[in-house]
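So this block is work.pdb, PDB, C-alpha atoms and all ligand atoms:
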ATOM      1  CA  MET A  30       8.013  41.281 -22.517
ATOM      2  CA  LYS A  31       6.041  38.112 -23.191
ATOM      3  CA  GLN A  32       8.321  35.110 -23.541
ATOM      4  CA  THR A  33       8.062  33.205 -26.826
ATOM      5  CA  ASP A  34       7.851  29.402 -26.870
ATOM      6  CA  SER A  35      11.465  29.158 -27.949
ATOM      7  CA  MET A  36      12.573  31.426 -25.049
ATOM      8  CA  ILE A  37      10.589  29.269 -22.612
ATOM      9  CA  ARG A  38      12.104  26.159 -24.092
ATOM     10  CA  GLU A  39      15.662  27.507 -23.787
ATOM     11  CA  ARG A  40      15.023  28.556 -20.182
ATOM     12  CA  ILE A  41      13.657  25.084 -19.366
ATOM     13  CA  LEU A  42      16.690  23.404 -20.909
ATOM     14  CA  ASP A  43      19.044  25.684 -18.944
ATOM     15  CA  LEU A  44      17.157  25.261 -15.659
ATOM     16  CA  LYS A  45      16.900  21.502 -15.817
ATOM     17  CA  LYS A  46      20.654  21.364 -16.306
ATOM     18  CA  GLU A  47      21.379  23.903 -13.537
ATOM     19  CA  ARG A  48      19.072  22.201 -11.063
ATOM     20  CA  SER A  49      19.823  18.627 -12.148
ATOM     21  CA  VAL A  50      16.225  17.702 -12.958
ATOM     22  CA  TYR A  51      15.387  14.616 -15.058
ATOM     23  CA  ILE A  52      12.189  15.137 -17.080
ATOM     24  CA  ILE A  53      10.020  12.107 -17.845
ATOM     25  CA  ALA A  54       7.033  12.565 -20.180
ATOM     26  CA  HIS A  55       4.189  10.420 -21.508
ATOM     27  CA  TYR A  56       3.463  10.029 -25.230
ATOM     28  CA  TYR A  57       0.185  11.943 -24.747
ATOM     29  CA  GLN A  58       2.038  15.105 -23.750
ATOM     30  CA  ARG A  59       2.106  18.096 -26.097
ATOM     31  CA  PRO A  60       4.853  17.767 -28.789
ATOM     32  CA  GLU A  61       6.856  20.677 -27.345
ATOM     33  CA  ILE A  62       6.914  18.927 -23.966
ATOM     34  CA  GLN A  63       8.002  15.589 -25.421
ATOM     35  CA  ASP A  64      10.817  17.515 -27.116
ATOM     36  CA  ILE A  65      12.286  18.938 -23.880
ATOM     37  CA  ALA A  66      11.985  15.651 -21.953
ATOM     38  CA  ASP A  67      14.950  13.416 -21.108
ATOM     39  CA  PHE A  68      12.735  10.361 -21.457
ATOM     40  CA  VAL A  69       9.386   9.806 -23.221
ATOM     41  CA  GLY A  70       7.512   6.535 -22.859
ATOM     42  CA  ASP A  71       4.400   4.574 -22.003
ATOM     43  CA  SER A  72       3.214   4.232 -18.390
ATOM     44  CA  TYR A  73       5.375   1.189 -17.706
ATOM     45  CA  ALA A  74       8.539   2.650 -19.222
ATOM     46  CA  MET A  75       7.950   5.892 -17.289
ATOM     47  CA  ALA A  76       7.833   3.987 -13.984
ATOM     48  CA  VAL A  77      11.037   2.100 -14.815
ATOM     49  CA  ALA A  78      12.714   5.314 -16.014
ATOM     50  CA  ALA A  79      11.836   6.995 -12.707
ATOM     51  CA  LYS A  80      13.237   4.062 -10.743
ATOM     52  CA  ASN A  81      16.485   4.215 -12.752
ATOM     53  CA  ALA A  82      16.663   8.004 -13.066
ATOM     54  CA  PRO A  83      20.269   9.229 -13.043
ATOM     55  CA  LEU A  84      19.399  12.423 -11.083
ATOM     56  CA  ASP A  85      17.850  13.033  -7.651
ATOM     57  CA  THR A  86      15.008  15.221  -8.884
ATOM     58  CA  ILE A  87      12.441  13.989 -11.404
ATOM     59  CA  LEU A  88       9.784  16.100 -13.083
ATOM     60  CA  VAL A  89       6.907  13.972 -14.370
ATOM     61  CA  ALA A  90       4.966  15.401 -17.321
ATOM     62  CA  GLY A  91       1.893  13.206 -17.113
ATOM     63  CA  VAL A  92      -1.237  12.793 -15.006
ATOM     64  CA  ASP A  93      -1.124  12.474 -11.213
ATOM     65  CA  PHE A  94      -0.897   8.686 -10.928
ATOM     66  CA  MET A  95       2.275   8.784 -13.046
ATOM     67  CA  ALA A  96       3.977  11.276 -10.703
ATOM     68  CA  GLU A  97       2.738   9.249  -7.727
ATOM     69  CA  SER A  98       4.212   6.047  -9.193
ATOM     70  CA  ALA A  99       7.575   7.817  -9.435
ATOM     71  CA  ALA A 100       7.258   9.014  -5.810
ATOM     72  CA  ILE A 101       6.293   5.495  -4.663
ATOM     73  CA  LEU A 102       9.218   3.848  -6.462
ATOM     74  CA  CYS A 103      11.787   6.528  -5.601
ATOM     75  CA  PRO A 104      11.369   7.513  -1.927
ATOM     76  CA  ASP A 105      14.832   9.099  -1.900
ATOM     77  CA  LYS A 106      14.209  11.326  -4.900
ATOM     78  CA  LYS A 107      12.268  14.580  -5.166
ATOM     79  CA  VAL A 108       9.352  14.189  -7.613
ATOM     80  CA  LEU A 109       7.888  17.346  -9.171
ATOM     81  CA  SER A 110       4.587  17.745 -10.975
ATOM     82  CA  PRO A 111       4.081  20.820 -13.179
ATOM     83  CA  GLU A 112       0.295  20.446 -12.820
ATOM     84  CA  PRO A 113      -0.834  18.320  -9.868
ATOM     85  CA  LYS A 114      -4.481  18.832 -10.859
ATOM     86  CA  ALA A 115      -3.897  16.829 -14.076
ATOM     87  CA  THR A 116      -5.638  13.607 -13.198
ATOM     88  CA  CYS A 117      -7.263  10.515 -14.725
ATOM     89  CA  PRO A 118     -11.042  10.241 -14.239
ATOM     90  CA  MET A 119     -10.921   6.478 -14.709
ATOM     91  CA  ALA A 120      -8.225   6.112 -12.025
ATOM     92  CA  ASN A 121     -10.365   8.140  -9.635
ATOM     93  CA  SER A 122     -13.540   6.159 -10.258
ATOM     94  CA  ILE A 123     -12.714   3.332  -7.821
ATOM     95  CA  THR A 124     -12.657   3.645  -4.029
ATOM     96  CA  ILE A 125     -10.914   1.688  -1.285
ATOM     97  CA  ALA A 126     -14.383   0.555  -0.152
ATOM     98  CA  ASP A 127     -14.988  -1.004  -3.607
ATOM     99  CA  VAL A 128     -11.837  -3.108  -3.188
ATOM    100  CA  GLN A 129     -12.539  -3.973   0.451
ATOM    101  CA  ASN A 130     -16.123  -5.036  -0.306
ATOM    102  CA  TYR A 131     -14.898  -7.357  -3.028
ATOM    103  CA  LYS A 132     -12.189  -8.781  -0.760
ATOM    104  CA  ARG A 133     -14.765  -9.492   1.974
ATOM    105  CA  SER A 134     -16.789 -11.710  -0.344
ATOM    106  CA  HIS A 135     -13.695 -13.172  -2.125
ATOM    107  CA  PRO A 136     -10.951 -13.392   0.548
ATOM    108  CA  GLU A 137      -8.794 -15.624  -1.680
ATOM    109  CA  ALA A 138      -8.891 -13.235  -4.664
ATOM    110  CA  ILE A 139      -5.884 -11.516  -6.220
ATOM    111  CA  ILE A 140      -6.414  -7.776  -6.683
ATOM    112  CA  VAL A 141      -4.796  -6.701  -9.961
ATOM    113  CA  SER A 142      -4.831  -2.990 -10.564
ATOM    114  CA  TYR A 143      -4.051  -1.076 -13.686
ATOM    115  CA  VAL A 144      -1.329   1.478 -12.963
ATOM    116  CA  ASN A 145      -4.047   4.098 -13.648
ATOM    117  CA  THR A 146      -5.058   4.155  -9.963
ATOM    118  CA  PRO A 147      -4.314   6.480  -7.031
ATOM    119  CA  ALA A 148      -1.631   5.459  -4.524
ATOM    120  CA  GLU A 149      -4.184   4.444  -1.863
ATOM    121  CA  ILE A 150      -5.742   1.927  -4.277
ATOM    122  CA  LYS A 151      -2.301   0.534  -5.153
ATOM    123  CA  ALA A 152      -1.781   0.094  -1.404
ATOM    124  CA  VAL A 153      -4.710  -2.396  -1.272
ATOM    125  CA  THR A 154      -3.604  -4.104  -4.489
ATOM    126  CA  ASP A 155      -1.597  -7.330  -4.852
ATOM    127  CA  ILE A 156       0.045  -6.452  -8.152
ATOM    128  CA  CYS A 157      -0.083  -3.595 -10.646
ATOM    129  CA  VAL A 158      -0.052  -3.934 -14.424
ATOM    130  CA  THR A 159       0.046  -1.592 -17.417
ATOM    131  CA  SER A 160      -1.335  -2.204 -20.884
ATOM    132  CA  SER A 161       2.131  -3.274 -22.082
ATOM    133  CA  ASN A 162       2.523  -6.091 -19.554
ATOM    134  CA  ALA A 163      -0.942  -7.048 -18.222
ATOM    135  CA  ALA A 164      -1.274 -10.290 -20.224
ATOM    136  CA  LYS A 165       2.292 -11.400 -19.417
ATOM    137  CA  ILE A 166       1.831 -10.732 -15.693
ATOM    138  CA  ILE A 167      -1.659 -12.191 -15.305
ATOM    139  CA  ALA A 168      -0.538 -15.369 -17.128
ATOM    140  CA  LYS A 169       1.966 -15.887 -14.279
ATOM    141  CA  LEU A 170      -0.625 -15.639 -11.474
ATOM    142  CA  PRO A 171      -2.001 -18.825  -9.828
ATOM    143  CA  GLN A 172      -4.623 -20.333 -12.141
ATOM    144  CA  ASP A 173      -7.158 -21.244  -9.453
ATOM    145  CA  ALA A 174      -7.375 -17.854  -7.685
ATOM    146  CA  PRO A 175     -10.148 -15.438  -8.635
ATOM    147  CA  ILE A 176      -8.900 -12.103  -9.951
ATOM    148  CA  PHE A 177     -10.496  -8.702  -9.385
ATOM    149  CA  PHE A 178      -9.214  -6.508 -12.221
ATOM    150  CA  ILE A 179      -9.572  -2.770 -11.553
ATOM    151  CA  PRO A 180     -10.527  -0.211 -12.804
ATOM    152  CA  ASP A 181     -10.504  -0.504 -16.634
ATOM    153  CA  GLU A 182     -13.120  -2.982 -17.822
ATOM    154  CA  ASN A 183     -12.103  -2.619 -21.486
ATOM    155  CA  LEU A 184      -8.483  -3.547 -20.734
ATOM    156  CA  GLY A 185      -9.728  -6.359 -18.471
ATOM    157  CA  GLN A 186     -11.936  -7.774 -21.212
ATOM    158  CA  TYR A 187      -9.084  -7.640 -23.690
ATOM    159  CA  ILE A 188      -6.787  -9.562 -21.312
ATOM    160  CA  THR A 189      -9.534 -12.115 -20.647
ATOM    161  CA  SER A 190      -9.876 -12.700 -24.385
ATOM    162  CA  GLN A 191      -6.088 -13.001 -24.788
ATOM    163  CA  LEU A 192      -5.591 -15.447 -21.915
ATOM    164  CA  ASN A 193      -9.000 -17.117 -21.942
ATOM    165  CA  ARG A 194      -9.116 -16.432 -18.223
ATOM    166  CA  PRO A 195     -12.276 -15.018 -16.653
ATOM    167  CA  MET A 196     -11.779 -12.150 -14.193
ATOM    168  CA  ASP A 197     -14.147 -10.045 -12.118
ATOM    169  CA  MET A 198     -13.885  -6.447 -13.230
ATOM    170  CA  PHE A 199     -14.666  -3.005 -11.947
ATOM    171  CA  PRO A 200     -17.002  -1.285 -14.435
ATOM    172  CA  SER A 201     -14.991   1.802 -15.393
ATOM    173  CA  ARG A 202     -13.440   3.022 -18.628
ATOM    174  CA  CYS A 203     -11.193   5.736 -20.007
ATOM    175  CA  PRO A 204     -13.632   8.334 -21.390
ATOM    176  CA  ILE A 205     -11.252   9.185 -24.223
ATOM    177  CA  HIS A 206     -10.691   5.659 -25.539
ATOM    178  CA  ALA A 207     -14.244   4.502 -24.796
ATOM    179  CA  ALA A 208     -15.543   7.266 -27.080
ATOM    180  CA  VAL A 209     -14.034   5.543 -30.150
ATOM    181  CA  THR A 210     -16.737   3.460 -31.855
ATOM    182  CA  ALA A 211     -16.616   0.608 -34.349
ATOM    183  CA  ALA A 212     -18.440   2.939 -36.775
ATOM    184  CA  ASP A 213     -15.543   5.449 -36.476
ATOM    185  CA  ILE A 214     -13.049   2.746 -37.409
ATOM    186  CA  LEU A 215     -15.144   1.377 -40.273
ATOM    187  CA  GLN A 216     -15.546   4.904 -41.643
ATOM    188  CA  ARG A 217     -11.765   5.454 -41.557
ATOM    189  CA  LYS A 218     -11.123   2.050 -43.124
ATOM    190  CA  GLN A 219     -13.478   2.965 -45.956
ATOM    191  CA  GLU A 220     -11.539   6.215 -46.486
ATOM    192  CA  TYR A 221      -8.108   4.536 -46.138
ATOM    193  CA  PRO A 222      -8.548   0.880 -47.152
ATOM    194  CA  GLU A 223      -4.778   0.203 -47.194
ATOM    195  CA  ALA A 224      -4.166   1.478 -43.636
ATOM    196  CA  ASP A 225      -3.416  -0.809 -40.708
ATOM    197  CA  ILE A 226      -5.607  -0.214 -37.662
ATOM    198  CA  LEU A 227      -3.611   0.288 -34.417
ATOM    199  CA  ILE A 228      -5.724   0.286 -31.259
ATOM    200  CA  HIS A 229      -5.032   0.842 -27.565
ATOM    201  CA  PRO A 230      -6.590  -1.839 -25.312
ATOM    202  CA  GLU A 231      -8.492   0.835 -23.351
ATOM    203  CA  CYS A 232     -10.849   0.904 -26.373
ATOM    204  CA  ALA A 233     -14.100  -1.076 -26.465
ATOM    205  CA  PRO A 234     -14.041  -4.792 -27.441
ATOM    206  CA  GLU A 235     -15.913  -4.137 -30.731
ATOM    207  CA  VAL A 236     -13.216  -1.584 -31.693
ATOM    208  CA  ILE A 237     -10.409  -3.958 -30.687
ATOM    209  CA  ALA A 238     -12.041  -6.666 -32.832
ATOM    210  CA  LEU A 239     -11.328  -4.524 -35.931
ATOM    211  CA  ALA A 240      -7.639  -3.936 -35.106
ATOM    212  CA  ASP A 241      -4.562  -5.165 -36.976
ATOM    213  CA  PHE A 242      -2.550  -4.462 -33.834
ATOM    214  CA  VAL A 243      -3.542  -3.916 -30.188
ATOM    215  CA  GLY A 244      -0.995  -2.548 -27.731
ATOM    216  CA  SER A 245       0.192   0.091 -25.321
ATOM    217  CA  THR A 246       1.331   3.463 -26.611
ATOM    218  CA  ALA A 247       4.915   2.161 -26.852
ATOM    219  CA  GLY A 248       3.650  -0.944 -28.669
ATOM    220  CA  ILE A 249       1.835   1.237 -31.214
ATOM    221  CA  VAL A 250       4.933   3.393 -31.812
ATOM    222  CA  ASP A 251       7.049   0.237 -32.352
ATOM    223  CA  TYR A 252       4.486  -1.439 -34.610
ATOM    224  CA  ALA A 253       4.297   1.607 -36.895
ATOM    225  CA  ALA A 254       8.111   1.793 -37.031
ATOM    226  CA  LYS A 255       8.584  -1.881 -37.932
ATOM    227  CA  SER A 256       5.632  -2.261 -40.300
ATOM    228  CA  ASP A 257       6.036  -2.208 -44.107
ATOM    229  CA  LYS A 258       2.757  -0.292 -44.298
ATOM    230  CA  ASN A 259       2.737   3.462 -44.885
ATOM    231  CA  GLN A 260      -0.689   4.361 -43.507
ATOM    232  CA  PHE A 261      -2.058   3.790 -40.019
ATOM    233  CA  ILE A 262      -5.401   4.477 -38.372
ATOM    234  CA  ILE A 263      -4.517   5.457 -34.804
ATOM    235  CA  GLY A 264      -6.906   4.417 -32.039
ATOM    236  CA  THR A 265      -5.402   6.263 -29.095
ATOM    237  CA  GLU A 266      -4.778   9.821 -27.849
ATOM    238  CA  CYS A 267      -3.427  12.214 -30.519
ATOM    239  CA  GLY A 268      -0.175  12.999 -28.621
ATOM    240  CA  ILE A 269       1.293   9.695 -29.798
ATOM    241  CA  MET A 270       1.393  10.945 -33.380
ATOM    242  CA  HIS A 271       4.335  13.200 -32.539
ATOM    243  CA  ARG A 272       6.543  10.270 -31.563
ATOM    244  CA  ILE A 273       5.415   8.112 -34.496
ATOM    245  CA  ASN A 274       6.203  11.002 -36.861
ATOM    246  CA  GLN A 275       9.681  11.274 -35.304
ATOM    247  CA  VAL A 276      10.567   7.580 -35.499
ATOM    248  CA  SER A 277       8.671   6.807 -38.713
ATOM    249  CA  PRO A 278       8.964   9.947 -40.862
ATOM    250  CA  GLY A 279       6.893   9.926 -44.023
ATOM    251  CA  LYS A 280       4.293   7.462 -42.757
ATOM    252  CA  GLU A 281       0.708   8.735 -42.874
ATOM    253  CA  LEU A 282      -1.245   8.755 -39.607
ATOM    254  CA  ILE A 283      -5.013   9.054 -39.479
ATOM    255  CA  LEU A 284      -6.632   9.557 -36.091
ATOM    256  CA  ALA A 285      -9.529   7.112 -35.535
ATOM    257  CA  LYS A 286     -11.829  10.044 -34.833
ATOM    258  CA  GLU A 287     -11.391  13.794 -34.876
ATOM    259  CA  GLU A 288     -11.291  14.549 -31.162
ATOM    260  CA  LEU A 289      -9.013  12.038 -29.472
ATOM    261  CA  ILE A 290      -7.609  14.354 -26.837
ATOM    262  CA  CYS A 291      -7.112  13.767 -23.111
ATOM    263  CA  PRO A 292      -7.722  17.238 -21.591
ATOM    264  CA  ASN A 293      -5.892  16.266 -18.402
ATOM    265  CA  MET A 294      -2.749  15.265 -20.293
ATOM    266  CA  LYS A 295      -2.989  18.474 -22.319
ATOM    267  CA  SER A 296      -3.422  20.651 -19.207
ATOM    268  CA  ILE A 297       0.363  20.471 -18.802
ATOM    269  CA  THR A 298       2.095  23.221 -20.759
ATOM    270  CA  LEU A 299       5.653  24.486 -21.283
ATOM    271  CA  ASP A 300       4.779  27.508 -19.073
ATOM    272  CA  LYS A 301       3.832  25.220 -16.198
ATOM    273  CA  ILE A 302       7.010  23.184 -16.612
ATOM    274  CA  LEU A 303       9.078  26.365 -16.509
ATOM    275  CA  TYR A 304       7.300  27.524 -13.352
ATOM    276  CA  SER A 305       7.758  24.092 -11.783
ATOM    277  CA  LEU A 306      11.523  24.221 -12.421
ATOM    278  CA  GLU A 307      11.827  27.806 -11.181
ATOM    279  CA  ALA A 308       9.923  27.187  -7.957
ATOM    280  CA  MET A 309      10.903  23.500  -7.633
ATOM    281  CA  GLU A 310       7.193  22.802  -7.089
ATOM    282  CA  THR A 311       4.847  20.945  -6.745
ATOM    283  CA  VAL A 312       6.600  18.222  -4.797
ATOM    284  CA  ILE A 313       4.593  14.997  -4.899
ATOM    285  CA  SER A 314       4.764  12.898  -1.788
ATOM    286  CA  VAL A 315       2.809   9.854  -0.687
ATOM    287  CA  PRO A 316       2.360   9.131   3.056
ATOM    288  CA  GLU A 317       4.823   6.393   4.028
ATOM    289  CA  ALA A 318       2.147   3.946   5.259
ATOM    290  CA  ILE A 319       0.540   4.053   1.787
ATOM    291  CA  ARG A 320       3.788   4.375  -0.174
ATOM    292  CA  SER A 321       5.408   1.287   1.301
ATOM    293  CA  ARG A 322       2.389  -0.919   0.513
ATOM    294  CA  ALA A 323       1.905   0.574  -2.964
ATOM    295  CA  ALA A 324       5.627   0.004  -3.630
ATOM    296  CA  VAL A 325       5.101  -3.730  -3.132
ATOM    297  CA  ALA A 326       2.408  -3.836  -5.861
ATOM    298  CA  LEU A 327       4.496  -1.727  -8.265
ATOM    299  CA  GLY A 328       7.697  -3.614  -7.444
ATOM    300  CA  LYS A 329       5.958  -6.934  -8.204
ATOM    301  CA  MET A 330       4.833  -5.511 -11.544
ATOM    302  CA  ILE A 331       8.407  -4.685 -12.497
ATOM    303  CA  ALA A 332       9.655  -8.097 -11.323
ATOM    304  CA  TYR A 333       6.920 -10.058 -13.160
ATOM    305  CA  ALA A 334       7.184  -7.963 -16.332
ATOM    306  CA  SER A 335      10.910  -8.456 -16.789
TER     307      SER A 335
HETATM  308  P1  LIG A 401       0.151   3.412 -21.864
HETATM  309  O1  LIG A 401       1.054   4.539 -22.211
HETATM  310  O2  LIG A 401       0.740   2.547 -20.802
HETATM  311  O3  LIG A 401      -0.268   2.639 -23.056
HETATM  312  O4  LIG A 401      -1.155   4.051 -21.178
HETATM  313  C1  LIG A 401      -2.078   4.813 -21.832
HETATM  314  C2  LIG A 401      -2.833   5.721 -20.957
HETATM  315  O5  LIG A 401      -3.985   5.992 -21.158
HETATM  316  C3  LIG A 401      -2.162   6.366 -19.865
HETATM  317  O6  LIG A 401      -3.060   7.177 -19.217
HETATM  318 FE1  LIG A 402      -6.919   8.589 -18.032
HETATM  319 FE2  LIG A 402      -7.722   8.084 -20.498
HETATM  320 FE3  LIG A 402      -6.497  10.388 -20.005
HETATM  321 FE4  LIG A 402      -5.119   8.079 -19.967
HETATM  322  S1  LIG A 402      -6.108   9.006 -21.739
HETATM  323  S2  LIG A 402      -5.031   9.723 -18.454
HETATM  324  S3  LIG A 402      -6.649   6.650 -19.161
HETATM  325  S4  LIG A 402      -8.461   9.726 -19.179
END

Spell out the structure here as structure tokens.
Ligand code: 13P
Ligand code: SF4
Amino acid sequence: MKQTDSMIRERILDLKKERSVYIIAHYYQRPEIQDIADFVGDSYAMAVAAKNAPLDTILVAGVDFMAESAAILCPDKKVLSPEPKATCPMANSITIADVQNYKRSHPEAIIVSYVNTPAEIKAVTDICVTSSNAAKIIAKLPQDAPIFFIPDENLGQYITSQLNRPMDMFPSRCPIHAAVTAADILQRKQEYPEADILIHPECAPEVIALADFVGSTAGIVDYAAKSDKNQFIIGTECGIMHRINQVSPGKELILAKEELICPNMKSITLDKILYSLEAMETVISVPEAIRSRAAVALGKMIAYAS
């Protein structure tokens, strides 16, 4: 007999209790996955939640760098991924050689990497940031040192404009956010003139220039909850609408363009989570020589952000 979604959901809830597994999910996960998670958050909050997880096994419903961050920060815990092939093309676009080449010509530079990077890149990084804390952290770095900001040029340009601090940047972008155009936003604003425009900083500068609010996924959820407005144009992946609908019922959400879907985030399904809990697979581990160095960059992020 084929299991229905509600049977799968019940089985997941039973198994995670039986096997003492703490499920952490990103806001871009499918609604039914957010609903079975113990914690749902942005990339920064997910890393902190992993570090403070009350159980010894964590299942991360998110792309590979998110599960790796949990494994880096929690060497004594077992970290499970329901779909280890779920990855981030932007995170994978930079190589160790790119960082080493830059360091050779700028030995005094500070390497600042977005948390959307593989563990081996974090291991050659001085400090990590996420979109929720990048400006706060970079403002605390020595003023005279050059910064190499990797790998998201759109986020880097946004931080530069916020802090008025030039940085060298690696020329990569999130394909999902970079596909939003200023014309998309202007079209939506014409259709919904009263709506506030909420944009993720992975979007292009000309899109950010039209925003009423720019922030991480958690920032966007909070803004919509606190705002007096009832309509919002959402410039980030569609999964976030589930959480906004939960915390701000009755508010109208209009996606900035029709297809704002990260296929990697959506490759995780309830079926895969059930299998992961049944088999206690796939265990994510990072070789200790890489983990210990990456943990320094992630640990500094948490220290500087708080
Ligand atoms: P945040 O949840 O930190 O805003 O990150 C967005 C993102 O694209 C993660 O892949
Ligand atoms: Fe990577 Fe963009 Fe998908 Fe986030 S939304 S995982 S940055 S491709």

Listed atoms of segment 225-241 of chain A, axis-aligned box, 4 Å per side: centre and edge lengths to one decimal in Å, as lines of an AutoDock Vina configuration file?
center_x = -9.7
center_y = -2.9
center_z = -32.0
size_x = 20.5
size_y = 15.6
size_z = 25.4

Shell around segment 199-216 of chain A at 7 Å using only C-alpha atoms, local window under 6 positions removed, as number ranges by chain: A: 119, 122, 178-183, 231-233, 235-236, 265, 285-286, 289-291

Distance criterion (all atoms listed in the file): nearest to ligand LIG 402 (chain A) out of A:Arg194, A:Lys295, A:Lys46, A:Arg40: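 Nearest to ligand LIG 402 (chain A): A:Lys295.
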
Could you spell out the hits of the PyMOL selection byres (((chain A and resi 88) around 9) and not hetatm) on the shown file, as a PDB file with C-alpha atoms, in the coordinates of the input?
ATOM      1  CA  VAL A  50      16.225  17.702 -12.958  1.00  0.00           C
ATOM      2  CA  TYR A  51      15.387  14.616 -15.058  1.00  0.00           C
ATOM      3  CA  ILE A  52      12.189  15.137 -17.080  1.00  0.00           C
ATOM      4  CA  ILE A  53      10.020  12.107 -17.845  1.00  0.00           C
ATOM      5  CA  ALA A  54       7.033  12.565 -20.180  1.00  0.00           C
ATOM      6  CA  THR A  86      15.008  15.221  -8.884  1.00  0.00           C
ATOM      7  CA  ILE A  87      12.441  13.989 -11.404  1.00  0.00           C
ATOM      8  CA  VAL A  89       6.907  13.972 -14.370  1.00  0.00           C
ATOM      9  CA  ALA A  90       4.966  15.401 -17.321  1.00  0.00           C
ATOM     10  CA  ALA A  96       3.977  11.276 -10.703  1.00  0.00           C
ATOM     11  CA  LYS A 107      12.268  14.580  -5.166  1.00  0.00           C
ATOM     12  CA  VAL A 108       9.352  14.189  -7.613  1.00  0.00           C
ATOM     13  CA  LEU A 109       7.888  17.346  -9.171  1.00  0.00           C
ATOM     14  CA  SER A 110       4.587  17.745 -10.975  1.00  0.00           C
ATOM     15  CA  PRO A 111       4.081  20.820 -13.179  1.00  0.00           C
ATOM     16  CA  ILE A 302       7.010  23.184 -16.612  1.00  0.00           C
ATOM     17  CA  SER A 305       7.758  24.092 -11.783  1.00  0.00           C
ATOM     18  CA  LEU A 306      11.523  24.221 -12.421  1.00  0.00           C
TER      19      LEU A 306
END

Given 6 Å and all atoms listed in the file, residues near ligand LIG 401 (chain A) as a list in words: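 Written in the requested form, the residues are Asp71, Ser72, Tyr73, Thr159, Ser160, Ser245 and Thr246 of chain A.
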
How would the residues just picked look written out with C-alpha atoms as a PDB file, keeping the file's coordinate frame?
ATOM      1  CA  ASP A  71       4.400   4.574 -22.003  1.00  0.00           C
ATOM      2  CA  SER A  72       3.214   4.232 -18.390  1.00  0.00           C
ATOM      3  CA  TYR A  73       5.375   1.189 -17.706  1.00  0.00           C
ATOM      4  CA  THR A 159       0.046  -1.592 -17.417  1.00  0.00           C
ATOM      5  CA  SER A 160      -1.335  -2.204 -20.884  1.00  0.00           C
ATOM      6  CA  SER A 245       0.192   0.091 -25.321  1.00  0.00           C
ATOM      7  CA  THR A 246       1.331   3.463 -26.611  1.00  0.00           C
TER       8      THR A 246
END

Test item: residues at most 10 Å from Ser321 of chain A, only C-alpha atoms, excluding those fewer than 6 positions along its chain, as a VMD selection string: chain A and resid 101 to 102 104 152 315

Ref. answer, residues at most 12 Å from (12.7, 15.3, -27.7) with only C-alpha atoms, as a ChimeraX atom specification: /A:38,42,52-56,58-70,271-272,275-276

Nearest to ligand LIG 402 (chain A), chosen from A:Ala224, A:Ala76, A:Met294, A:Ala308, with only C-alpha atoms and all ligand atoms counted in the distances: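 The answer is A:Met294, which sits nearest to ligand LIG 402 (chain A).
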
Residue nearest ligand LIG 402 (chain A) - candidates A:His229, A:Lys165, A:Lys151, A:His135, atoms counted: all atoms listed in the file: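 For ligand LIG 402 (chain A), the nearest of the candidates is A:His229.
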
Counting all atoms listed in the file, the residue of A:Thr298, A:Asn274, A:Asn259, A:Thr146 that sits nearest Pro118 of chain A: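 The shortest atom-to-atom distance to Pro118 of chain A comes from A:Thr146.
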
Selected residue, from A:Lys106, A:Lys329, A:Lys132, A:Lys114, that lies nearest to ligand LIG 402 (chain A) when counting only C-alpha atoms and all ligand atoms: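 Checking each candidate against ligand LIG 402 (chain A), we get A:Lys114 as the closest.
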
Residue with smallest distance to Lys45 of chain A - pool A:Asp85, A:Ile125, A:Ile249, A:Ser142, counting all atoms listed in the file: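 Going through A:Asp85, A:Ile125, A:Ile249, A:Ser142 one by one, the smallest distance to Lys45 of chain A is for A:Asp85.
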
Interatomic distance (Å, one decimal) between atom CA of Ala240 of chain A and atom CA of Ile263 of chain A: 9.9 Å

Atom pair atom CA of Glu149 of chain A / atom CA of Ala318 of chain A: separation (Å):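 These atoms are spaced 9.5 Å apart.
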
Straight-line distance linking atom CA of Pro278 of chain A with atom CA of Tyr252 of chain A, stated in Å to one decimal: 13.7 Å

Selection dump of the PyMOL selection byres (((chain A and resi 326) around 8) and not hetatm), as a VMD selection string: chain A and resid 151 to 152 154 to 157 322 to 325 327 to 330

Within 8 Å of Glu112 of chain A using only C-alpha atoms, minus same-chain residues under 2 positions, as a PyMOL selection string: chain A and resi 110+114-115+296-297+301+311

Shell around Ala254 of chain A at 9 Å using only C-alpha atoms, local window under 2 positions removed, as a VMD selection string: chain A and resid 249 to 252 256 to 257 273 276 to 277 280
